[in-house]
$ cat target-v3.cif   # mmCIF, N, CA and C atoms
data_query
loop_
_atom_site.label_atom_id
_atom_site.label_comp_id
_atom_site.auth_asym_id
_atom_site.auth_seq_id
_atom_site.Cartn_x
_atom_site.Cartn_y
_atom_site.Cartn_z
N ALA A 2 -20.53 -18.60 -14.45
CA ALA A 2 -21.11 -17.46 -15.14
C ALA A 2 -22.08 -16.70 -14.22
N ASN A 3 -22.85 -17.44 -13.40
CA ASN A 3 -23.78 -16.76 -12.48
C ASN A 3 -23.04 -15.91 -11.47
N ALA A 4 -21.95 -16.43 -10.91
CA ALA A 4 -21.17 -15.65 -9.95
C ALA A 4 -20.56 -14.42 -10.61
N ALA A 5 -20.07 -14.56 -11.83
CA ALA A 5 -19.48 -13.43 -12.54
C ALA A 5 -20.52 -12.35 -12.84
N ARG A 6 -21.70 -12.78 -13.24
CA ARG A 6 -22.78 -11.83 -13.52
C ARG A 6 -23.20 -11.10 -12.24
N LEU A 7 -23.33 -11.85 -11.14
CA LEU A 7 -23.70 -11.23 -9.86
C LEU A 7 -22.64 -10.23 -9.40
N LYS A 8 -21.37 -10.57 -9.60
CA LYS A 8 -20.28 -9.67 -9.20
C LYS A 8 -20.34 -8.37 -10.00
N SER A 9 -20.51 -8.46 -11.32
CA SER A 9 -20.59 -7.26 -12.16
C SER A 9 -21.78 -6.40 -11.75
N LYS A 10 -22.91 -7.04 -11.54
CA LYS A 10 -24.12 -6.31 -11.14
C LYS A 10 -23.92 -5.62 -9.78
N ASP A 11 -23.32 -6.32 -8.84
CA ASP A 11 -23.08 -5.77 -7.51
C ASP A 11 -22.12 -4.58 -7.57
N MET A 12 -21.09 -4.68 -8.40
CA MET A 12 -20.13 -3.56 -8.52
C MET A 12 -20.82 -2.31 -9.08
N VAL A 13 -21.70 -2.49 -10.05
CA VAL A 13 -22.43 -1.34 -10.59
C VAL A 13 -23.40 -0.80 -9.54
N ASN A 14 -24.15 -1.67 -8.89
CA ASN A 14 -25.16 -1.23 -7.91
C ASN A 14 -24.56 -0.55 -6.69
N ARG A 15 -23.36 -1.00 -6.27
CA ARG A 15 -22.77 -0.44 -5.05
C ARG A 15 -21.53 0.41 -5.32
N ASP A 16 -21.30 0.72 -6.58
CA ASP A 16 -20.24 1.66 -6.97
C ASP A 16 -18.86 1.29 -6.41
N TYR A 17 -18.39 0.12 -6.76
CA TYR A 17 -17.02 -0.26 -6.42
C TYR A 17 -16.42 -1.04 -7.58
N PHE A 18 -15.11 -1.10 -7.58
CA PHE A 18 -14.38 -1.84 -8.61
C PHE A 18 -13.19 -2.49 -7.93
N GLU A 19 -13.46 -3.63 -7.28
CA GLU A 19 -12.46 -4.31 -6.48
C GLU A 19 -12.74 -5.81 -6.47
N HIS A 20 -11.70 -6.57 -6.19
CA HIS A 20 -11.89 -8.02 -6.06
C HIS A 20 -12.56 -8.37 -4.74
N TYR A 21 -12.20 -7.66 -3.68
CA TYR A 21 -12.76 -7.91 -2.34
C TYR A 21 -13.48 -6.64 -1.90
N ALA A 22 -14.76 -6.78 -1.56
CA ALA A 22 -15.52 -5.61 -1.11
C ALA A 22 -16.68 -6.07 -0.24
N PHE A 23 -16.99 -5.26 0.76
CA PHE A 23 -18.13 -5.51 1.63
C PHE A 23 -18.05 -6.89 2.28
N GLY A 24 -16.83 -7.33 2.58
CA GLY A 24 -16.64 -8.61 3.25
C GLY A 24 -16.85 -9.84 2.38
N VAL A 25 -16.92 -9.65 1.07
CA VAL A 25 -17.17 -10.76 0.16
C VAL A 25 -16.00 -10.87 -0.83
N SER A 26 -15.53 -12.09 -1.00
CA SER A 26 -14.45 -12.33 -1.95
C SER A 26 -15.02 -12.99 -3.21
N PRO A 27 -14.25 -12.99 -4.30
CA PRO A 27 -14.71 -13.72 -5.49
C PRO A 27 -14.95 -15.20 -5.18
N TRP A 28 -14.13 -15.75 -4.28
CA TRP A 28 -14.24 -17.17 -3.93
C TRP A 28 -15.57 -17.45 -3.23
N ASP A 29 -16.00 -16.50 -2.38
CA ASP A 29 -17.31 -16.64 -1.73
C ASP A 29 -18.41 -16.68 -2.78
N LEU A 30 -18.35 -15.78 -3.75
CA LEU A 30 -19.38 -15.72 -4.79
C LEU A 30 -19.42 -17.01 -5.60
N MET A 31 -18.26 -17.55 -5.91
CA MET A 31 -18.21 -18.80 -6.68
C MET A 31 -18.82 -19.95 -5.88
N LYS A 32 -18.44 -20.06 -4.62
CA LYS A 32 -18.98 -21.13 -3.78
C LYS A 32 -20.49 -20.97 -3.61
N ASN A 33 -20.95 -19.73 -3.37
CA ASN A 33 -22.38 -19.47 -3.19
C ASN A 33 -23.18 -19.79 -4.46
N ALA A 34 -22.53 -19.72 -5.62
CA ALA A 34 -23.20 -20.04 -6.88
C ALA A 34 -23.16 -21.54 -7.16
N GLY A 35 -22.55 -22.31 -6.23
CA GLY A 35 -22.53 -23.76 -6.38
C GLY A 35 -21.32 -24.30 -7.10
N TYR A 36 -20.30 -23.46 -7.31
CA TYR A 36 -19.08 -23.91 -7.98
C TYR A 36 -18.04 -24.25 -6.92
N ASP A 37 -17.81 -25.54 -6.71
CA ASP A 37 -16.86 -26.00 -5.69
C ASP A 37 -15.50 -26.16 -6.37
N TYR A 38 -14.66 -25.15 -6.25
CA TYR A 38 -13.43 -25.08 -7.03
C TYR A 38 -12.23 -25.68 -6.30
N LEU A 39 -11.30 -26.13 -7.12
CA LEU A 39 -9.98 -26.54 -6.66
C LEU A 39 -9.02 -25.36 -6.86
N TYR A 40 -9.16 -24.69 -8.01
CA TYR A 40 -8.40 -23.48 -8.34
C TYR A 40 -9.39 -22.42 -8.80
N ALA A 41 -9.09 -21.16 -8.50
CA ALA A 41 -9.99 -20.09 -8.94
C ALA A 41 -9.23 -18.79 -9.13
N GLY A 42 -9.72 -17.97 -10.04
CA GLY A 42 -9.14 -16.66 -10.30
C GLY A 42 -10.21 -15.71 -10.81
N GLU A 43 -9.87 -14.42 -10.83
CA GLU A 43 -10.84 -13.42 -11.27
C GLU A 43 -10.12 -12.28 -11.96
N ASN A 44 -10.68 -11.82 -13.08
CA ASN A 44 -10.23 -10.60 -13.76
C ASN A 44 -11.43 -9.67 -13.84
N LEU A 45 -11.16 -8.38 -13.71
CA LEU A 45 -12.21 -7.36 -13.80
C LEU A 45 -11.86 -6.35 -14.89
N ALA A 46 -12.89 -5.76 -15.49
CA ALA A 46 -12.70 -4.68 -16.47
C ALA A 46 -13.89 -3.74 -16.39
N MET A 47 -13.60 -2.48 -16.69
CA MET A 47 -14.66 -1.46 -16.66
C MET A 47 -14.34 -0.40 -17.72
N ASP A 48 -15.36 0.13 -18.33
CA ASP A 48 -15.26 1.24 -19.28
C ASP A 48 -14.70 0.84 -20.64
N PHE A 49 -14.69 -0.42 -20.98
CA PHE A 49 -14.28 -0.84 -22.31
C PHE A 49 -15.51 -0.98 -23.18
N ARG A 50 -15.37 -0.74 -24.46
CA ARG A 50 -16.50 -0.84 -25.38
C ARG A 50 -16.44 -2.09 -26.25
N THR A 51 -15.28 -2.77 -26.27
CA THR A 51 -15.17 -3.98 -27.08
C THR A 51 -14.50 -5.09 -26.27
N SER A 52 -14.83 -6.31 -26.61
CA SER A 52 -14.18 -7.44 -25.95
C SER A 52 -12.70 -7.49 -26.33
N GLU A 53 -12.37 -7.07 -27.55
CA GLU A 53 -10.96 -7.04 -27.96
C GLU A 53 -10.15 -6.10 -27.08
N GLY A 54 -10.72 -4.95 -26.73
CA GLY A 54 -10.03 -4.00 -25.86
C GLY A 54 -9.79 -4.56 -24.47
N ILE A 55 -10.77 -5.28 -23.97
CA ILE A 55 -10.64 -5.89 -22.64
C ILE A 55 -9.53 -6.94 -22.66
N VAL A 56 -9.58 -7.83 -23.63
CA VAL A 56 -8.57 -8.90 -23.69
C VAL A 56 -7.18 -8.31 -23.90
N ARG A 57 -7.07 -7.29 -24.74
CA ARG A 57 -5.77 -6.63 -24.95
C ARG A 57 -5.24 -6.06 -23.64
N ALA A 58 -6.09 -5.41 -22.87
CA ALA A 58 -5.66 -4.83 -21.59
C ALA A 58 -5.25 -5.92 -20.61
N TRP A 59 -6.03 -6.99 -20.54
CA TRP A 59 -5.68 -8.09 -19.64
C TRP A 59 -4.37 -8.75 -20.06
N MET A 60 -4.16 -8.92 -21.35
CA MET A 60 -2.92 -9.55 -21.82
C MET A 60 -1.71 -8.65 -21.59
N ASN A 61 -1.91 -7.35 -21.48
CA ASN A 61 -0.81 -6.42 -21.20
C ASN A 61 -0.53 -6.28 -19.71
N SER A 62 -1.34 -6.90 -18.88
CA SER A 62 -1.16 -6.87 -17.42
C SER A 62 -0.64 -8.24 -16.99
N PRO A 63 0.54 -8.30 -16.38
CA PRO A 63 1.10 -9.61 -16.02
C PRO A 63 0.18 -10.49 -15.18
N THR A 64 -0.49 -9.93 -14.17
CA THR A 64 -1.33 -10.77 -13.31
C THR A 64 -2.59 -11.24 -14.03
N HIS A 65 -3.20 -10.36 -14.83
CA HIS A 65 -4.39 -10.77 -15.59
C HIS A 65 -4.01 -11.79 -16.67
N ARG A 66 -2.89 -11.55 -17.31
CA ARG A 66 -2.40 -12.48 -18.33
C ARG A 66 -2.16 -13.86 -17.71
N ASP A 67 -1.54 -13.87 -16.53
CA ASP A 67 -1.29 -15.15 -15.85
C ASP A 67 -2.59 -15.91 -15.62
N ASN A 68 -3.65 -15.19 -15.22
CA ASN A 68 -4.95 -15.85 -15.03
C ASN A 68 -5.46 -16.45 -16.34
N LEU A 69 -5.41 -15.66 -17.40
CA LEU A 69 -5.95 -16.13 -18.68
C LEU A 69 -5.19 -17.33 -19.23
N LEU A 70 -3.90 -17.40 -18.98
CA LEU A 70 -3.07 -18.46 -19.55
C LEU A 70 -2.79 -19.60 -18.57
N ASN A 71 -3.34 -19.52 -17.37
CA ASN A 71 -3.07 -20.52 -16.34
C ASN A 71 -3.65 -21.88 -16.74
N PRO A 72 -2.78 -22.89 -16.89
CA PRO A 72 -3.30 -24.20 -17.30
C PRO A 72 -4.13 -24.91 -16.22
N ASP A 73 -4.11 -24.40 -14.99
CA ASP A 73 -4.93 -24.98 -13.93
C ASP A 73 -6.41 -24.64 -14.09
N PHE A 74 -6.72 -23.61 -14.86
CA PHE A 74 -8.10 -23.21 -15.05
C PHE A 74 -8.69 -23.92 -16.27
N GLU A 75 -9.85 -24.55 -16.06
CA GLU A 75 -10.56 -25.24 -17.14
C GLU A 75 -11.89 -24.58 -17.48
N ASP A 76 -12.47 -23.86 -16.54
CA ASP A 76 -13.80 -23.28 -16.71
C ASP A 76 -13.71 -21.76 -16.69
N VAL A 77 -14.58 -21.12 -17.47
CA VAL A 77 -14.62 -19.67 -17.54
C VAL A 77 -16.06 -19.21 -17.45
N GLY A 78 -16.30 -18.21 -16.63
CA GLY A 78 -17.60 -17.56 -16.55
C GLY A 78 -17.41 -16.07 -16.72
N VAL A 79 -18.25 -15.45 -17.53
CA VAL A 79 -18.14 -14.01 -17.80
C VAL A 79 -19.47 -13.36 -17.49
N GLY A 80 -19.40 -12.26 -16.74
CA GLY A 80 -20.58 -11.47 -16.43
C GLY A 80 -20.42 -10.06 -16.95
N VAL A 81 -21.32 -9.62 -17.81
CA VAL A 81 -21.26 -8.28 -18.42
C VAL A 81 -22.53 -7.54 -18.04
N VAL A 82 -22.36 -6.37 -17.41
CA VAL A 82 -23.51 -5.60 -16.96
C VAL A 82 -23.31 -4.13 -17.33
N LYS A 83 -24.32 -3.55 -17.99
CA LYS A 83 -24.31 -2.12 -18.27
C LYS A 83 -24.99 -1.42 -17.11
N GLY A 84 -24.51 -0.23 -16.78
CA GLY A 84 -25.15 0.51 -15.72
C GLY A 84 -24.48 1.84 -15.48
N VAL A 85 -24.94 2.52 -14.46
CA VAL A 85 -24.39 3.82 -14.07
C VAL A 85 -23.47 3.59 -12.88
N TYR A 86 -22.24 4.05 -13.02
CA TYR A 86 -21.22 3.91 -11.98
C TYR A 86 -20.92 5.32 -11.46
N THR A 87 -20.93 5.46 -10.14
CA THR A 87 -20.68 6.76 -9.52
C THR A 87 -19.32 6.73 -8.84
N GLU A 88 -18.49 7.70 -9.20
CA GLU A 88 -17.16 7.83 -8.60
C GLU A 88 -16.91 9.31 -8.34
N GLU A 89 -16.56 9.61 -7.09
CA GLU A 89 -16.34 11.00 -6.67
C GLU A 89 -17.52 11.89 -7.05
N GLU A 90 -18.72 11.37 -6.79
CA GLU A 90 -19.99 12.06 -7.02
C GLU A 90 -20.27 12.38 -8.48
N VAL A 91 -19.61 11.68 -9.38
CA VAL A 91 -19.86 11.85 -10.81
C VAL A 91 -20.40 10.53 -11.36
N ASP A 92 -21.59 10.61 -11.98
CA ASP A 92 -22.21 9.43 -12.59
C ASP A 92 -21.73 9.28 -14.02
N ARG A 93 -21.50 8.03 -14.42
CA ARG A 93 -21.19 7.78 -15.83
C ARG A 93 -21.72 6.41 -16.22
N ASN A 94 -22.13 6.29 -17.45
CA ASN A 94 -22.55 5.00 -17.98
C ASN A 94 -21.30 4.16 -18.20
N THR A 95 -21.41 2.89 -17.86
CA THR A 95 -20.26 2.01 -18.03
C THR A 95 -20.73 0.60 -18.34
N ILE A 96 -19.77 -0.21 -18.69
CA ILE A 96 -19.97 -1.64 -18.84
C ILE A 96 -18.98 -2.30 -17.89
N MET A 97 -19.50 -3.09 -16.96
CA MET A 97 -18.68 -3.78 -15.95
C MET A 97 -18.56 -5.23 -16.37
N VAL A 98 -17.32 -5.73 -16.40
CA VAL A 98 -17.06 -7.11 -16.83
C VAL A 98 -16.31 -7.84 -15.73
N THR A 99 -16.81 -9.01 -15.38
CA THR A 99 -16.13 -9.91 -14.45
C THR A 99 -15.86 -11.21 -15.17
N ASN A 100 -14.62 -11.66 -15.09
CA ASN A 100 -14.18 -12.92 -15.70
C ASN A 100 -13.71 -13.82 -14.56
N MET A 101 -14.48 -14.87 -14.29
CA MET A 101 -14.09 -15.82 -13.25
C MET A 101 -13.61 -17.10 -13.91
N LEU A 102 -12.47 -17.58 -13.42
CA LEU A 102 -11.84 -18.76 -14.00
C LEU A 102 -11.66 -19.79 -12.91
N GLY A 103 -11.72 -21.06 -13.27
CA GLY A 103 -11.53 -22.06 -12.23
C GLY A 103 -11.41 -23.46 -12.75
N ARG A 104 -11.16 -24.33 -11.82
CA ARG A 104 -11.22 -25.77 -12.05
C ARG A 104 -12.00 -26.34 -10.88
N GLU A 105 -13.05 -27.06 -11.21
CA GLU A 105 -13.89 -27.65 -10.17
C GLU A 105 -13.14 -28.79 -9.48
N LYS A 106 -13.44 -28.96 -8.19
CA LYS A 106 -12.83 -30.06 -7.45
C LYS A 106 -13.24 -31.40 -8.06
N PRO A 107 -12.31 -32.34 -8.12
CA PRO A 107 -12.68 -33.68 -8.56
C PRO A 107 -13.68 -34.31 -7.58
N ARG A 108 -14.48 -35.23 -8.07
CA ARG A 108 -15.50 -35.87 -7.23
C ARG A 108 -14.90 -36.54 -6.01
N LEU A 109 -13.72 -37.12 -6.15
CA LEU A 109 -13.07 -37.77 -5.01
C LEU A 109 -12.76 -36.75 -3.90
N PHE A 110 -12.30 -35.57 -4.27
CA PHE A 110 -12.02 -34.52 -3.29
C PHE A 110 -13.31 -34.10 -2.58
N LYS A 111 -14.38 -33.98 -3.35
CA LYS A 111 -15.67 -33.60 -2.77
C LYS A 111 -16.15 -34.68 -1.79
N PHE A 112 -15.94 -35.93 -2.15
CA PHE A 112 -16.30 -37.04 -1.28
C PHE A 112 -15.57 -36.94 0.05
N PHE A 113 -14.26 -36.72 0.02
CA PHE A 113 -13.48 -36.60 1.25
C PHE A 113 -13.87 -35.35 2.05
N ASP A 114 -14.23 -34.26 1.36
CA ASP A 114 -14.72 -33.07 2.06
C ASP A 114 -15.99 -33.40 2.85
N ARG A 115 -16.89 -34.18 2.24
CA ARG A 115 -18.14 -34.56 2.93
C ARG A 115 -17.85 -35.43 4.15
N ILE A 116 -16.95 -36.39 4.00
CA ILE A 116 -16.59 -37.25 5.12
C ILE A 116 -15.99 -36.43 6.23
N ARG A 117 -15.08 -35.53 5.89
CA ARG A 117 -14.43 -34.69 6.90
C ARG A 117 -15.44 -33.81 7.62
N SER A 118 -16.48 -33.37 6.91
CA SER A 118 -17.46 -32.48 7.53
C SER A 118 -18.36 -33.19 8.54
N ILE A 119 -18.50 -34.52 8.42
CA ILE A 119 -19.36 -35.24 9.37
C ILE A 119 -18.59 -35.93 10.48
N LEU A 120 -17.29 -36.09 10.33
CA LEU A 120 -16.49 -36.73 11.38
C LEU A 120 -16.14 -35.73 12.46
N PRO A 121 -16.16 -36.16 13.70
CA PRO A 121 -15.75 -35.24 14.78
C PRO A 121 -14.26 -34.96 14.69
N LEU A 122 -13.88 -33.74 15.04
CA LEU A 122 -12.48 -33.35 15.04
C LEU A 122 -11.89 -33.62 16.42
N TYR A 123 -10.72 -34.22 16.46
CA TYR A 123 -10.04 -34.50 17.73
C TYR A 123 -8.74 -33.78 17.78
#
$ encode --input "target-v3.cif" --output "structure tokens"
Amino acid sequence: ANAARLKSKDMVNRDYFEHYAFGVSPWDLMKNAGYDYLYAGENLAMDFRTSEGIVRAWMNSPTHRDNLLNPDFEDVGVGVVKGVYTEEEVDRNTIMVTNMLGREKPRLFKFFDRIRSILPLY
């Protein structure tokens, strides 16, 4: 949820609507927020006034629908931020929504990641 909120806030503050921007991916934001994922996905929405409208739009989009229905995802974080979005020098009030989905790595995987990080590579 923290990564999703930061993403929505950043998109409003820097006037973009993209999964990858300014050298940062959704996966970077999730890791930086302390979520060590095995699987991860992201859906974005802007200019909707109801959650029903957002979900309807996502369900009508094959890639967004796939994220929402993906059985590999167990966790959901949603970030909703109101703000002014500027596009082509025109300001407008909007609501920016980021939906991050994931499954955290099992503890055993994290254990092996730690071991691998301290062993020298040959």
$ residues_around --input "target-v3.cif" --residues "segment 88-100 of chain A" --least-positions-apart "6" --cutoff "7 Å" --atoms "all atoms listed in the file" --output "list in words"
Ala5, Arg6, Lys8, Ser9, Lys10, Val13, Asp16, Gly42, Glu43, Asn44, Leu45, Ala46, Met47, Asp48, Phe49, Val77, Gly78, Val79, Gly80, Val81 and Val82 of chain A
$ select_by_dssp --input "target-v3.cif" --residues "chain A" --states "helix (DSSP H, G or I)" --output "ChimeraX atom specification"
/A:3-15,27-33,52-60,63-70,108-119
$ residues_around --input "target-v3.cif" --residues "Asp76 of chain A" --least-positions-apart "5" --cutoff "6 Å" --atoms "only C-alpha atoms" --output "ChimeraX atom specification"
/A:102-104
$ atom_distance --input "target-v3.cif" --atom1 "atom CA of Thr64 of chain A" --atom2 "atom CA of Lys106 of chain A"
23.2 Å
